[in-house]
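Enquirer: query28.txt (compact mmCIF, C-alpha atoms) pasted underneath:
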```txt
# COMPACT_ATOMS: atom_id res chain seq x y z
CA MET R 1 -14.37 -14.95 6.11
CA LYS R 2 -10.65 -15.67 6.13
CA PRO R 3 -8.41 -12.60 6.66
CA GLN R 4 -5.84 -11.63 4.06
CA HIS R 5 -2.34 -12.05 5.43
CA LEU R 6 0.92 -10.57 4.16
CA LEU R 7 3.58 -13.19 4.79
CA THR R 8 5.50 -12.68 1.53
CA VAL R 9 5.24 -10.26 -1.38
CA ARG R 10 3.71 -13.17 -3.33
CA ASP R 11 0.58 -12.80 -1.19
CA LEU R 12 -0.24 -9.66 -3.19
CA THR R 13 -1.31 -9.46 -6.81
CA ALA R 14 0.40 -7.06 -9.21
CA ALA R 15 -2.75 -4.91 -9.13
CA GLN R 16 -2.71 -4.78 -5.32
CA ILE R 17 0.95 -3.71 -5.32
CA GLN R 18 0.24 -0.99 -7.89
CA GLU R 19 -2.71 0.26 -5.81
CA LEU R 20 -0.55 0.25 -2.68
CA PHE R 21 2.08 2.39 -4.39
CA ARG R 22 -0.60 4.73 -5.78
CA LYS R 23 -2.13 5.26 -2.34
CA ALA R 24 1.28 5.76 -0.73
CA SER R 25 2.16 8.39 -3.33
CA GLN R 26 -1.11 10.23 -2.70
CA MET R 27 -0.58 10.16 1.05
CA LYS R 28 2.94 11.55 0.76
CA LYS R 29 1.62 14.51 -1.24
CA SER R 30 -1.29 15.29 1.09
CA ARG R 31 -1.38 16.60 4.64
CA ASN R 32 -4.89 15.17 5.09
CA HIS R 33 -4.12 11.52 5.56
CA PRO R 34 -6.97 9.06 5.53
CA ARG R 35 -7.47 7.34 8.88
CA PRO R 36 -8.45 3.78 7.87
CA LEU R 37 -7.13 2.37 11.14
CA SER R 38 -9.24 4.66 13.31
CA GLY R 39 -10.52 2.61 16.24
CA LYS R 40 -8.21 -0.31 15.36
CA ILE R 41 -5.53 -1.85 17.55
CA LEU R 42 -2.62 -3.77 16.05
CA GLY R 43 -0.30 -6.00 18.05
CA LEU R 44 3.43 -5.90 17.37
CA LEU R 45 4.77 -9.37 18.29
CA PHE R 46 8.55 -9.22 18.25
CA GLN R 47 10.50 -12.37 19.08
CA LYS R 48 13.59 -10.31 18.32
CA PRO R 49 13.78 -6.59 18.95
CA SER R 50 14.33 -3.93 16.30
CA VAL R 51 14.26 -0.18 16.73
CA ARG R 52 13.66 0.72 13.06
CA THR R 53 10.97 -1.88 12.39
CA ARG R 54 9.15 -1.14 15.65
CA VAL R 55 9.25 2.63 15.20
CA SER R 56 8.20 2.51 11.54
CA PHE R 57 5.18 0.32 12.33
CA GLU R 58 4.19 2.31 15.44
CA VAL R 59 4.42 5.63 13.58
CA GLY R 60 2.64 4.29 10.50
CA ILE R 61 -0.20 2.81 12.54
CA ALA R 62 -0.61 6.06 14.50
CA GLN R 63 -0.56 8.18 11.32
CA LEU R 64 -3.33 6.00 9.90
CA GLY R 65 -5.42 6.56 13.03
CA GLY R 66 -4.78 3.30 14.89
CA GLN R 67 -3.03 2.25 18.05
CA SER R 68 -0.39 -0.41 18.61
CA ILE R 69 0.57 -2.68 21.46
CA TYR R 70 4.15 -3.96 21.64
CA ILE R 71 4.57 -7.55 22.79
CA GLY R 72 8.27 -8.30 23.02
CA PRO R 73 10.46 -11.32 23.69
CA VAL R 74 9.97 -11.12 27.45
CA GLU R 75 6.19 -11.32 27.16
CA LEU R 76 6.34 -14.02 24.48
CA GLN R 77 8.96 -16.06 26.40
CA GLU R 78 9.88 -18.00 23.26
CA GLY R 79 7.00 -20.47 23.40
CA GLN R 80 7.28 -21.22 27.12
CA ARG R 81 3.74 -19.92 27.60
CA GLU R 82 0.91 -20.55 25.15
CA GLY R 83 1.52 -22.34 21.88
CA VAL R 84 1.12 -20.52 18.57
CA LYS R 85 -2.44 -21.77 18.13
CA ASP R 86 -3.61 -20.48 21.51
CA LEU R 87 -1.69 -17.23 21.13
CA ALA R 88 -3.23 -16.52 17.72
CA ARG R 89 -6.75 -17.29 18.92
CA VAL R 90 -6.48 -15.19 22.09
CA LEU R 91 -4.89 -12.21 20.36
CA SER R 92 -7.53 -12.35 17.62
CA ARG R 93 -10.15 -11.63 20.29
CA TYR R 94 -8.44 -8.38 21.28
CA LEU R 95 -6.58 -7.13 18.22
CA ASP R 96 -7.58 -6.07 14.73
CA GLY R 97 -4.28 -7.21 13.21
CA ILE R 98 -0.91 -8.71 14.11
CA VAL R 99 2.54 -7.66 12.91
CA ALA R 100 5.03 -10.42 13.75
CA ARG R 101 8.82 -10.29 13.69
CA THR R 102 9.93 -13.89 14.12
CA PHE R 103 13.02 -16.01 13.91
CA ALA R 104 11.29 -18.84 12.05
CA HIS R 105 8.92 -18.31 9.14
CA SER R 106 7.02 -21.38 10.33
CA ASP R 107 6.02 -19.44 13.49
CA LEU R 108 4.54 -16.74 11.27
CA GLU R 109 2.69 -19.33 9.18
CA GLY R 110 1.29 -20.84 12.38
CA LEU R 111 0.02 -17.44 13.53
CA ALA R 112 -1.63 -16.89 10.15
CA ARG R 113 -3.17 -20.36 10.17
CA TRP R 114 -4.93 -19.79 13.50
CA ALA R 115 -5.49 -16.02 13.62
CA ALA R 116 -8.90 -14.59 12.79
CA VAL R 117 -7.26 -11.24 11.98
CA PRO R 118 -4.68 -10.28 9.32
CA VAL R 119 -1.07 -11.22 10.07
CA ILE R 120 1.73 -9.10 8.58
CA ASN R 121 5.30 -10.33 8.35
CA GLY R 122 7.55 -7.76 10.05
CA LEU R 123 10.54 -10.04 9.34
CA SER R 124 11.17 -13.76 9.31
CA ASP R 125 14.11 -15.91 8.32
CA PHE R 126 12.43 -16.31 4.92
CA SER R 127 11.02 -12.92 3.98
CA HIS R 128 10.73 -9.23 4.84
CA PRO R 129 7.87 -8.11 2.55
CA CYS R 130 7.26 -4.68 4.08
CA GLN R 131 10.89 -3.69 3.64
CA ALA R 132 10.95 -5.15 0.12
CA LEU R 133 7.89 -3.08 -0.83
CA SER R 134 9.21 0.09 0.78
CA ASP R 135 12.62 -0.26 -0.88
```
Just dump the structure as structure tokens.
Expert:
Amino acid sequence: MKPQHLLTVRDLTAAQIQELFRKASQMKKSRNHPRPLSGKILGLLFQKPSVRTRVSFEVGIAQLGGQSIYIGPVELQEGQREGVKDLARVLSRYLDGIVARTFAHSDLEGLARWAAVPVINGLSDFSHPCQALSD
């Protein structure tokens, strides 16, 4: 089964966006947050650093019961190590999802092509769907 990725807002249907907003509204009103990410680990792959994006994802993941692992530019070494295909395959063995903040949207598409887990666009040169939805 192919995972559902969020690379652009167009990856979601109107019904999915409405349901997302409905759930977010419910969660804001309630102190008893659901923990759908309990036992899940998400990787935060950041080719370029960002305090706000990193903190918002780390806090959100924790509030939903999951854990995150930050993999920054030093660890990624801008493609000097594994290629995108190998990176996506290896990380899919350890992680339940990948949030990627990339310079090139094509890097994000490559991750999504080869990853066996959902890939979420944390920012690319083409799109920033999470910020667009939260705005």
Enquirer: Using only C-alpha atoms, which protein or nucleic acid residues come within 9 Å of stretch 62-65 of chain R? Drop anything in the same chain fewer than 6 positions from it, and give the result as a PyMOL selection string.
Expert: chain R and resi 33-40
Enquirer: For R:Arg101, please output as a VMD selection string all residues within 12 Å (counting only C-alpha atoms; exclusion window: fewer than 4 positions along the same chain).
Expert: chain R and resid 7 43 to 51 53 to 54 57 70 to 73 76 105 to 109 111 119 to 130
Enquirer: Between R:Gly97, R:Gly66, R:Gly83, R:Pro3, which residue has the minimum interatomic distance to R:Gly110, considering all atoms listed in the file?
Expert: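 When distances to R:Gly110 are compared using all atoms listed in the file, the smallest one comes from R:Gly83.
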Enquirer: To one decimal in Å, tell me the separation between atom CA of R:Glu58 and atom CA of R:Gln131.
Expert: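 Computing the Euclidean distance for atom CA of R:Glu58 and atom CA of R:Gln131 yields 14.8 Å.
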Enquirer: To one decimal place in Å, what is the distance between atom CA of R:Met1 and atom CA of R:Pro118?
Expert: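 Taking atom CA of R:Met1 as the start and atom CA of R:Pro118 as the end point, the length is 11.2 Å.
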Enquirer: Given the choices R:Ala132, R:Ala112, R:Arg22, R:Gln16, which gets closest to R:Val99 if the distance is worked out from only C-alpha atoms?
Expert: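 For R:Val99, the nearest of the given residues is R:Ala112.
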Enquirer: Can you work out the spacing between atom CA of R:Trp114 and atom CA of R:Leu91 in Å, to one decimal?
Expert: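 Atom CA of R:Leu91 lies 10.2 Å from atom CA of R:Trp114.
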Enquirer: Write out as a ChimeraX atom specification the residues lying within 12 Å of R:Ile17, counting only C-alpha atoms and excluding same-chain residues fewer than 6 positions away.
Expert: /R:6,9-11,23-24,129-130,132-134
Enquirer: Selection from above, C-alpha atoms, as a PDB file, in the coordinates of the input, can you write it?
Expert:
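Result went into result-v5.pdb, see below:
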```
ATOM      1  CA  LEU R   6       0.920 -10.570   4.160  1.00  0.00           C
ATOM      2  CA  VAL R   9       5.240 -10.260  -1.380  1.00  0.00           C
ATOM      3  CA  ARG R  10       3.710 -13.170  -3.330  1.00  0.00           C
ATOM      4  CA  ASP R  11       0.580 -12.800  -1.190  1.00  0.00           C
ATOM      5  CA  LYS R  23      -2.130   5.260  -2.340  1.00  0.00           C
ATOM      6  CA  ALA R  24       1.280   5.760  -0.730  1.00  0.00           C
ATOM      7  CA  PRO R 129       7.870  -8.110   2.550  1.00  0.00           C
ATOM      8  CA  CYS R 130       7.260  -4.680   4.080  1.00  0.00           C
ATOM      9  CA  ALA R 132      10.950  -5.150   0.120  1.00  0.00           C
ATOM     10  CA  LEU R 133       7.890  -3.080  -0.830  1.00  0.00           C
ATOM     11  CA  SER R 134       9.210   0.090   0.780  1.00  0.00           C
TER      12      SER R 134
END
```
Enquirer: Measuring between only C-alpha atoms, which one of R:Ile69, R:Val55, R:Ala100, R:Phe21 shows the shortest distance to R:Asp135?
Expert: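 Closest candidate: R:Phe21.
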Enquirer: Rank R:Ala15, R:Leu42, R:Arg31, R:Phe103 by their smallest atom-to-atom distance to R:Gly60, using only C-alpha atoms, and report the top residue only.
Expert: R:Leu42
